[in-house]
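Peer 1: Contents are mmCIF, C-alpha atoms; file name query-v5.cif:
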```cif
data_my_file
#
loop_
_atom_site.label_atom_id
_atom_site.label_comp_id
_atom_site.auth_asym_id
_atom_site.auth_seq_id
_atom_site.Cartn_x
_atom_site.Cartn_y
_atom_site.Cartn_z
CA MET L 477 50.69 -15.10 4.31
CA ASN L 478 53.15 -15.82 7.06
CA THR L 479 52.42 -12.63 8.95
CA HIS L 480 48.69 -13.37 8.77
CA CYS L 481 49.18 -16.72 10.45
CA LYS L 482 51.28 -15.28 13.20
CA ARG L 483 48.77 -12.57 13.94
CA ASN L 484 45.99 -15.14 14.53
CA PRO L 485 47.54 -17.75 16.74
CA ARG L 486 45.16 -20.55 17.68
CA PRO L 487 45.70 -23.39 20.16
CA SER L 488 46.12 -26.11 17.58
CA GLY L 489 44.77 -28.98 19.76
CA GLU L 490 41.40 -27.37 20.49
CA GLY L 491 41.03 -26.14 16.92
CA PHE L 492 41.58 -29.60 15.55
CA PHE L 493 39.04 -31.05 17.98
CA LYS L 494 36.39 -28.49 16.99
CA THR L 495 37.00 -29.05 13.31
CA SER L 496 36.67 -32.81 13.75
CA ILE L 497 33.29 -32.49 15.44
CA TRP L 498 32.11 -30.21 12.67
CA MET L 499 33.34 -32.58 10.01
CA ALA L 500 31.65 -35.51 11.75
CA PHE L 501 28.32 -33.67 11.72
CA VAL L 502 28.64 -32.71 8.08
CA ILE L 503 29.67 -36.18 6.93
CA GLY L 504 27.02 -37.85 9.09
CA GLY L 505 24.39 -35.51 7.65
CA LEU L 506 25.49 -36.31 4.12
CA PHE L 507 25.19 -40.02 4.79
CA LEU L 508 21.67 -39.51 6.14
CA ILE L 509 20.62 -37.55 3.05
CA VAL L 510 22.17 -40.05 0.64
CA GLY L 511 20.62 -42.96 2.54
CA TYR L 512 17.18 -41.38 2.48
CA TRP L 513 17.49 -40.59 -1.21
CA SER L 514 18.48 -44.05 -2.27
CA ALA L 515 15.76 -45.51 -0.07
CA MET L 516 13.11 -43.33 -1.72
CA GLY L 517 14.43 -44.00 -5.19
CA GLY L 518 14.45 -47.72 -4.48
CA GLU L 519 12.02 -50.37 -5.61
CA GLU L 520 9.09 -49.41 -3.45
CA GLY L 521 7.71 -45.98 -2.66
CA MET L 522 7.48 -44.50 0.78
CA GLY L 523 4.01 -45.94 1.45
CA GLU L 524 5.09 -49.50 0.94
CA ARG L 525 8.29 -48.88 2.83
CA LEU L 526 6.17 -48.05 5.83
CA ILE L 527 3.87 -51.03 5.32
CA GLY L 528 6.84 -53.24 5.89
CA SER L 529 9.27 -55.68 4.44
CA ALA L 530 6.66 -58.15 3.18
CA ALA L 531 5.51 -55.79 0.44
CA ARG L 532 9.08 -54.87 -0.40
CA SER L 533 10.29 -58.40 -0.94
CA GLU L 534 7.57 -58.90 -3.56
CA ALA L 535 9.27 -56.56 -6.00
CA MET L 536 11.05 -58.32 -8.84
CA PRO L 537 13.42 -55.77 -10.35
CA VAL L 538 15.20 -56.71 -13.57
CA ALA L 539 18.87 -55.82 -13.49
CA ASN L 540 20.52 -56.95 -16.70
CA ASP L 541 21.36 -54.44 -19.41
CA LEU L 542 21.53 -56.93 -22.27
CA TYR L 543 18.18 -58.47 -21.37
CA THR L 544 16.51 -55.08 -20.98
CA LYS L 545 17.99 -53.87 -24.25
CA GLU L 546 17.25 -56.93 -26.38
CA CYS L 547 13.96 -58.21 -24.98
CA GLY L 548 12.74 -54.89 -23.64
CA ALA L 549 12.97 -53.41 -27.15
CA CYS L 550 9.62 -54.99 -28.06
CA HIS L 551 7.88 -55.67 -24.79
CA LEU L 552 8.18 -55.25 -21.05
CA ALA L 553 11.36 -56.97 -19.87
CA TYR L 554 9.36 -59.54 -17.90
CA PRO L 555 10.88 -60.47 -14.55
CA PRO L 556 12.67 -63.82 -14.98
CA GLY L 557 11.17 -64.92 -11.67
CA LEU L 558 7.75 -65.32 -13.29
CA LEU L 559 8.63 -68.52 -15.19
CA PRO L 560 10.62 -71.60 -14.18
CA ALA L 561 14.04 -72.27 -15.72
CA ARG L 562 12.64 -75.04 -17.94
CA SER L 563 10.24 -72.51 -19.52
CA TRP L 564 12.99 -69.99 -20.22
CA LYS L 565 15.20 -72.64 -21.82
CA LYS L 566 12.37 -73.73 -24.10
CA LEU L 567 11.45 -70.15 -25.00
CA MET L 568 15.04 -69.13 -25.71
CA GLY L 569 15.45 -72.19 -27.93
CA GLY L 570 12.68 -71.02 -30.25
CA LEU L 571 13.37 -67.33 -30.87
CA SER L 572 12.90 -67.64 -34.65
CA ASP L 573 9.18 -68.02 -33.95
CA HIS L 574 8.65 -65.99 -30.80
CA PHE L 575 4.84 -65.87 -30.57
CA GLY L 576 4.75 -65.16 -34.29
CA ASP L 577 7.66 -62.70 -34.30
CA ASN L 578 11.23 -63.38 -35.28
CA ALA L 579 13.30 -62.43 -32.25
CA GLU L 580 16.60 -64.11 -33.09
CA LEU L 581 19.71 -62.93 -31.27
CA ALA L 582 23.40 -63.19 -32.03
CA PRO L 583 24.60 -66.55 -30.59
CA GLU L 584 26.67 -64.92 -27.84
CA ASP L 585 23.77 -62.68 -26.80
CA GLN L 586 21.38 -65.60 -26.80
CA ARG L 587 23.68 -67.53 -24.48
CA ALA L 588 24.08 -64.58 -22.12
CA VAL L 589 20.35 -63.80 -21.97
CA THR L 590 19.45 -67.47 -21.44
CA ASP L 591 22.00 -67.67 -18.68
CA PHE L 592 20.53 -64.63 -16.92
CA LEU L 593 16.94 -65.88 -17.25
CA VAL L 594 17.76 -69.38 -16.01
CA LYS L 595 19.79 -68.13 -13.04
CA ASN L 596 16.95 -65.87 -11.93
CA ALA L 597 14.06 -68.13 -12.88
CA ALA L 598 11.09 -68.73 -10.60
CA ASP L 599 12.54 -72.00 -9.26
CA ARG L 600 15.88 -70.32 -8.45
CA SER L 601 15.15 -66.71 -7.51
CA GLY L 602 13.88 -67.11 -3.96
CA GLN L 603 11.40 -64.28 -4.52
CA LYS L 604 8.02 -64.53 -2.85
CA ARG L 605 5.95 -64.39 -6.02
CA SER L 606 8.29 -66.85 -7.71
CA ALA L 607 7.51 -69.44 -5.06
CA LYS L 608 3.80 -68.98 -5.78
CA VAL L 609 4.43 -69.35 -9.52
CA VAL L 610 6.33 -72.61 -8.97
CA ARG L 611 3.76 -74.01 -6.54
CA SER L 612 0.96 -73.43 -9.05
CA LEU L 613 2.71 -75.49 -11.75
CA LYS L 614 2.70 -79.25 -12.14
CA ASP L 615 6.03 -81.07 -12.09
CA GLY L 616 7.83 -80.51 -15.37
CA GLU L 617 5.12 -78.19 -16.71
CA ALA L 618 6.85 -75.54 -18.82
CA PRO L 619 4.46 -72.80 -19.96
CA LEU L 620 5.87 -70.38 -22.53
CA ARG L 621 3.49 -67.61 -21.62
CA ILE L 622 3.47 -65.98 -18.19
CA THR L 623 -0.24 -65.41 -18.75
CA GLU L 624 -0.75 -69.20 -18.72
CA VAL L 625 0.85 -69.73 -15.32
CA PRO L 626 -2.02 -70.87 -13.06
CA TYR L 627 -0.99 -68.46 -10.29
CA ILE L 628 -1.09 -65.50 -12.72
CA VAL L 629 -4.41 -66.68 -14.19
CA ARG L 630 -5.88 -66.95 -10.71
CA LYS L 631 -4.68 -63.48 -9.71
CA HIS L 632 -6.50 -61.93 -12.68
CA HIS L 633 -9.53 -64.19 -12.63
CA GLU L 634 -11.95 -61.63 -11.19
CA ILE L 635 -11.16 -58.90 -13.68
CA PRO L 636 -13.81 -58.84 -16.42
CA SER L 637 -12.49 -59.28 -19.96
CA ARG L 638 -13.96 -55.93 -21.04
CA LEU L 639 -11.27 -54.30 -18.89
CA ILE L 640 -8.48 -56.35 -20.45
CA GLN L 641 -9.14 -57.90 -23.89
CA GLY L 642 -12.02 -55.52 -24.59
CA ASN L 643 -10.05 -52.50 -23.42
CA PRO L 644 -8.31 -50.78 -26.37
CA GLN L 645 -5.62 -49.48 -24.03
CA VAL L 646 -4.84 -52.92 -22.64
CA LYS L 647 -5.86 -55.57 -25.22
CA SER L 648 -4.04 -58.46 -23.59
CA LEU L 649 -3.09 -59.79 -20.18
CA SER L 650 0.48 -59.96 -21.47
CA ARG L 651 0.79 -56.17 -21.40
CA CYS L 652 1.50 -56.09 -17.67
CA ASN L 653 2.57 -52.46 -17.70
CA ALA L 654 -0.74 -51.28 -19.17
CA CYS L 655 -2.21 -51.55 -15.65
CA HIS L 656 0.72 -52.34 -13.34
CA THR L 657 2.09 -48.82 -13.43
CA ARG L 658 5.37 -49.81 -11.79
CA ALA L 659 5.93 -53.08 -13.64
CA GLU L 660 9.12 -51.71 -15.20
CA ALA L 661 10.52 -51.40 -11.68
CA GLY L 662 9.42 -54.93 -10.86
CA SER L 663 6.51 -53.95 -8.64
CA PHE L 664 3.28 -55.87 -9.15
CA SER L 665 1.73 -54.67 -5.92
CA GLU L 666 -2.02 -54.11 -6.03
CA HIS L 667 -1.43 -50.53 -4.84
CA ASP L 668 0.26 -49.73 -8.13
CA VAL L 669 -2.56 -51.03 -10.33
CA SER L 670 -4.49 -48.55 -12.44
CA ILE L 671 -6.65 -50.00 -15.22
CA PRO L 672 -6.92 -47.51 -18.13
CA GLY L 673 -10.45 -46.10 -18.29
CA TYR L 674 -11.33 -47.69 -14.97
CA GLY L 675 -8.81 -46.84 -12.29
CA ALA L 676 -7.58 -48.70 -9.24
CA TRP L 677 -8.58 -52.32 -8.74
CA ASP L 678 -9.53 -53.64 -5.35
CA ASP L 679 -10.25 -57.31 -4.77
CA MET P 444 40.21 -22.60 -17.35
CA LYS P 445 42.70 -24.12 -19.71
CA PHE P 446 41.84 -27.52 -18.31
CA PHE P 447 38.11 -27.07 -18.96
CA LEU P 448 38.77 -25.83 -22.47
CA ARG P 449 40.85 -28.88 -23.15
CA VAL P 450 38.20 -31.23 -21.71
CA GLY P 451 35.52 -29.49 -23.75
CA PHE P 452 37.59 -29.79 -26.89
CA ILE P 453 38.22 -33.49 -26.35
CA ALA P 454 34.51 -34.10 -25.65
CA MET P 455 33.51 -32.27 -28.83
CA MET P 456 36.05 -34.13 -30.91
CA SER P 457 34.87 -37.50 -29.62
CA LEU P 458 31.23 -36.58 -30.30
CA ALA P 459 32.10 -35.53 -33.83
CA GLY P 460 34.19 -38.67 -34.21
CA ALA P 461 31.31 -40.89 -33.02
CA SER P 462 28.86 -39.40 -35.52
CA LEU P 463 31.43 -39.78 -38.31
CA VAL P 464 31.93 -43.43 -37.36
CA GLY P 465 28.12 -43.82 -37.39
CA ALA P 466 27.76 -42.34 -40.85
CA ALA P 467 30.62 -44.48 -42.08
CA ALA P 468 28.90 -47.58 -40.69
CA VAL P 469 25.83 -47.06 -42.89
CA ASP P 470 27.92 -46.17 -45.91
CA ASP P 471 29.87 -49.40 -45.46
CA LEU P 472 26.62 -51.38 -45.28
CA LEU P 473 25.25 -49.62 -48.36
CA ALA P 474 28.45 -50.31 -50.28
CA GLN P 475 28.20 -53.96 -49.25
CA TYR P 476 24.57 -54.19 -50.44
CA ARG P 477 25.49 -52.45 -53.70
CA THR P 478 28.21 -54.99 -54.39
CA GLN P 479 25.91 -57.90 -53.51
CA SER P 480 22.98 -56.70 -55.60
CA GLY P 481 24.96 -55.10 -58.41
CA GLY P 482 22.79 -52.00 -58.51
CA THR P 483 22.03 -48.64 -56.97
CA PHE P 484 19.18 -47.70 -54.66
CA ASN P 485 16.72 -44.87 -54.70
CA THR P 486 14.63 -43.31 -51.98
CA GLU P 487 11.31 -43.46 -53.85
CA GLU P 488 11.52 -47.21 -54.37
CA GLY P 489 12.37 -47.61 -50.71
CA LYS P 490 9.40 -45.47 -49.70
CA ALA P 491 6.99 -47.51 -51.82
CA ALA P 492 8.30 -50.78 -50.38
CA TRP P 493 8.07 -49.34 -46.87
CA ASN P 494 4.34 -48.71 -47.24
CA ARG P 495 3.46 -51.80 -49.32
CA LEU P 496 0.90 -54.08 -47.68
CA ILE P 497 1.82 -57.76 -47.69
CA PRO P 498 -0.70 -60.41 -46.60
CA ASP P 499 0.71 -62.81 -44.00
CA SER P 500 0.78 -66.38 -45.31
CA LYS P 501 -0.70 -67.82 -42.12
CA THR P 502 -3.17 -65.25 -40.85
CA GLY P 503 -3.91 -63.26 -44.00
CA GLU P 504 -3.51 -59.99 -42.09
CA GLU P 505 -1.81 -57.24 -44.08
CA ARG P 506 1.61 -56.32 -42.82
CA SER P 507 4.01 -53.51 -43.70
CA CYS P 508 6.99 -51.64 -42.28
CA ALA P 509 4.69 -48.66 -41.78
CA GLY P 510 2.30 -50.83 -39.74
CA CYS P 511 4.58 -50.49 -36.71
CA HIS P 512 6.96 -47.66 -37.63
CA GLY P 513 4.37 -45.39 -39.30
CA SER P 514 4.65 -43.63 -42.65
CA ASP P 515 6.21 -40.53 -41.14
CA LEU P 516 9.55 -41.79 -39.86
CA ARG P 517 10.10 -38.70 -37.76
CA ARG P 518 7.34 -39.84 -35.41
CA THR P 519 7.28 -42.50 -32.73
CA GLY P 520 5.96 -45.88 -33.87
CA LYS P 521 4.12 -48.57 -31.98
CA HIS P 522 4.60 -52.35 -31.89
CA LEU P 523 1.35 -53.83 -33.20
CA GLN P 524 1.25 -56.70 -30.76
CA THR P 525 2.74 -55.38 -27.56
CA GLY P 526 1.87 -51.70 -27.97
CA LYS P 527 5.40 -50.71 -26.96
CA PRO P 528 6.48 -47.33 -28.41
CA ILE P 529 9.22 -47.53 -31.06
CA ASP P 530 11.64 -44.59 -31.25
CA PRO P 531 11.50 -42.63 -34.52
CA MET P 532 13.43 -44.20 -37.41
CA ALA P 533 14.50 -40.91 -39.02
CA PRO P 534 18.15 -40.05 -38.28
CA SER P 535 17.16 -36.37 -38.51
CA VAL P 536 15.25 -36.66 -35.22
CA ASN P 537 16.92 -39.74 -33.72
CA ALA P 538 20.69 -39.54 -34.03
CA LYS P 539 21.16 -43.11 -32.77
CA ARG P 540 19.58 -44.59 -35.91
CA LEU P 541 21.82 -46.23 -38.51
CA THR P 542 24.96 -45.95 -36.41
CA ASP P 543 25.47 -49.63 -35.56
CA PRO P 544 25.71 -52.17 -38.43
CA LYS P 545 25.10 -55.13 -36.12
CA PHE P 546 21.91 -53.51 -34.86
CA VAL P 547 20.72 -52.71 -38.40
CA GLU P 548 21.35 -56.27 -39.61
CA LYS P 549 19.64 -57.78 -36.57
CA TRP P 550 16.47 -55.81 -37.18
CA PHE P 551 16.47 -56.41 -40.93
CA LYS P 552 16.60 -60.11 -40.21
CA ARG P 553 13.78 -60.03 -37.67
CA ASN P 554 11.48 -57.54 -39.30
CA CYS P 555 11.82 -58.77 -42.90
CA GLN P 556 10.85 -62.24 -41.69
CA TRP P 557 7.79 -60.90 -39.90
CA THR P 558 6.66 -58.54 -42.63
CA LEU P 559 7.61 -60.44 -45.80
CA GLY P 560 7.83 -63.97 -44.41
CA ARG P 561 11.46 -64.17 -45.58
CA GLU P 562 14.76 -62.36 -45.25
CA CYS P 563 15.26 -59.23 -47.35
CA SER P 564 17.53 -59.29 -50.39
CA PRO P 565 20.56 -56.97 -50.45
CA LYS P 566 18.67 -54.81 -52.96
CA GLU P 567 15.71 -54.44 -50.60
CA LYS P 568 17.94 -53.69 -47.63
CA GLY P 569 19.77 -51.07 -49.69
CA MET P 570 16.47 -49.48 -50.69
CA PHE P 571 15.17 -49.32 -47.15
CA LEU P 572 18.44 -47.99 -45.79
CA THR P 573 18.59 -45.27 -48.45
CA PHE P 574 14.99 -44.29 -47.73
CA ILE P 575 15.51 -44.19 -43.95
CA GLN P 576 18.80 -42.33 -44.30
CA ASN P 577 17.02 -39.47 -46.09
CA GLN P 578 14.31 -38.95 -43.50
#
```
Could you write out this structure as structure tokens?
Peer 2:
Amino acid sequence: MNTHCKRNPRPSGEGFFKTSIWMAFVIGGLFLIVGYWSAMGGEEGMGERLIGSAARSEAMPVANDLYTKECGACHLAYPPGLLPARSWKKLMGGLSDHFGDNAELAPEDQRAVTDFLVKNAADRSGQKRSAKVVRSLKDGEAPLRITEVPYIVRKHHEIPSRLIQGNPQVKSLSRCNACHTRAEAGSFSEHDVSIPGYGAWDD
Amino acid sequence: MKFFLRVGFIAMMSLAGASLVGAAAVDDLLAQYRTQSGGTFNTEEGKAAWNRLIPDSKTGEERSCAGCHGSDLRRTGKHLQTGKPIDPMAPSVNAKRLTDPKFVEKWFKRNCQWTLGRECSPKEKGMFLTFIQNQ
């Protein structure tokens, strides 16, 4: 080994400089790739990314493992920002009759889920759609169903009932993800709507 | 090489350990139900109860375990109201089933109330568990 090194002497200063530049390029490149990746894998696809930040800020991703596991076991883990805190408190206080189902949780889980929902509720989240939800409600009004929020009702008003209630693949407005193909990721953008048996919806 | 072998061995042992713990969890529950009910359970009884139609006291609609989970437990079920897919119940195709006593008890509580309008007795729970275990 020693003889090998001696036979290939290299001015150490220049070598180090060259290596550093190389390393800088490689590391910089890696950062670019990772950045691009995470951007593409993010809440909105490339199209919406290009449309601008307005569309992006409308996404309402749900990031709570307990909530997704417990509530998402039976239905879409609805974004907490679609109901005000007072609604969530009322709903979480009546899990033994949860729209006809028993959805009781262990006391510690119930506390943790309630806490998450209240902290991210429509009147606390700061999300764009949340503000619209809150504005459409009267003071103190606490709907238990997202489908009864005036803003949500208004947004779906033009869609004929044969495409929702009369559609065997949809059945109810409460099955957001039947048509909002990216609802699980918190995107309710019109671009992501595809009504089963009908297709895209354009209002 | 030695390092990888060792890591592989540890990983395999913990996997085996986890499935043993899972099996033990159900056996513990079954033992508990046996003590509480003072009897033994058989798969056929469990199967019959699984498919039995029970009219709901409020709506009159007929409910059963099979209504959402299906009669073939190796297949994916579907929540009647929300349409959400339910992973197969059979441990033979879904290794996660019957590995967590807290999870099992939680769903017994919820689903017995919905289907029967009351909580299940230890005998019923034992029957269902025995039936599911053998699928």
Peer 1: Run the PyMOL selection byres ((chain L) within 9 of (chain P)) on the file and write out the hits as a VMD selection string.
Peer 2: chain L and resid 549 to 552 572 576 to 582 645 to 648 650 to 651
Peer 1: Identify which of the residues P:Gly513, P:Gly503, P:Pro565, P:Pro534 lies closest to Lys490 in chain P, counting only C-alpha atoms when measuring atom-to-atom distances.
Peer 2: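 The closest residue to Lys490 in chain P is P:Gly513.
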Peer 1: Rank nothing, just name the residue among P:Asn494, P:Gly481, P:Ala538, P:Met532 nearest to Leu572 in chain P, using all atoms listed in the file.
Peer 2: P:Met532
Peer 1: For the provided coordinates, the residues matched by the PyMOL selection byres ((chain L and resi 599) around 7) should be stated as a compact mmCIF listing (two decimals) with C-alpha atoms, in the coordinates of the input.
Peer 2:
```txt
# COMPACT_ATOMS: atom_id res chain seq x y z
CA PRO L 560 10.62 -71.60 -14.18
CA ALA L 561 14.04 -72.27 -15.72
CA ALA L 597 14.06 -68.13 -12.88
CA ALA L 598 11.09 -68.73 -10.60
CA ARG L 600 15.88 -70.32 -8.45
CA SER L 601 15.15 -66.71 -7.51
CA SER L 606 8.29 -66.85 -7.71
CA VAL L 610 6.33 -72.61 -8.97
```
Peer 1: Hey, can you check how far CA of Leu473 in chain P sits from CA of Phe574 in chain P?
Peer 2: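 Between CA of Leu473 in chain P and CA of Phe574 in chain P the gap is 11.6 Å.
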Peer 1: Let me know the residues the PyMOL selection byres ((chain P and resi 536) around 12) catches in the file above, as a VMD selection string.
Peer 2: chain P and resid 515 to 519 530 to 535 537 to 540 575 to 578
Peer 1: Do you have the CA of Glu634 in chain L-CA of Leu558 in chain L distance handy?
Peer 2: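 So the answer is 20.2 Å.
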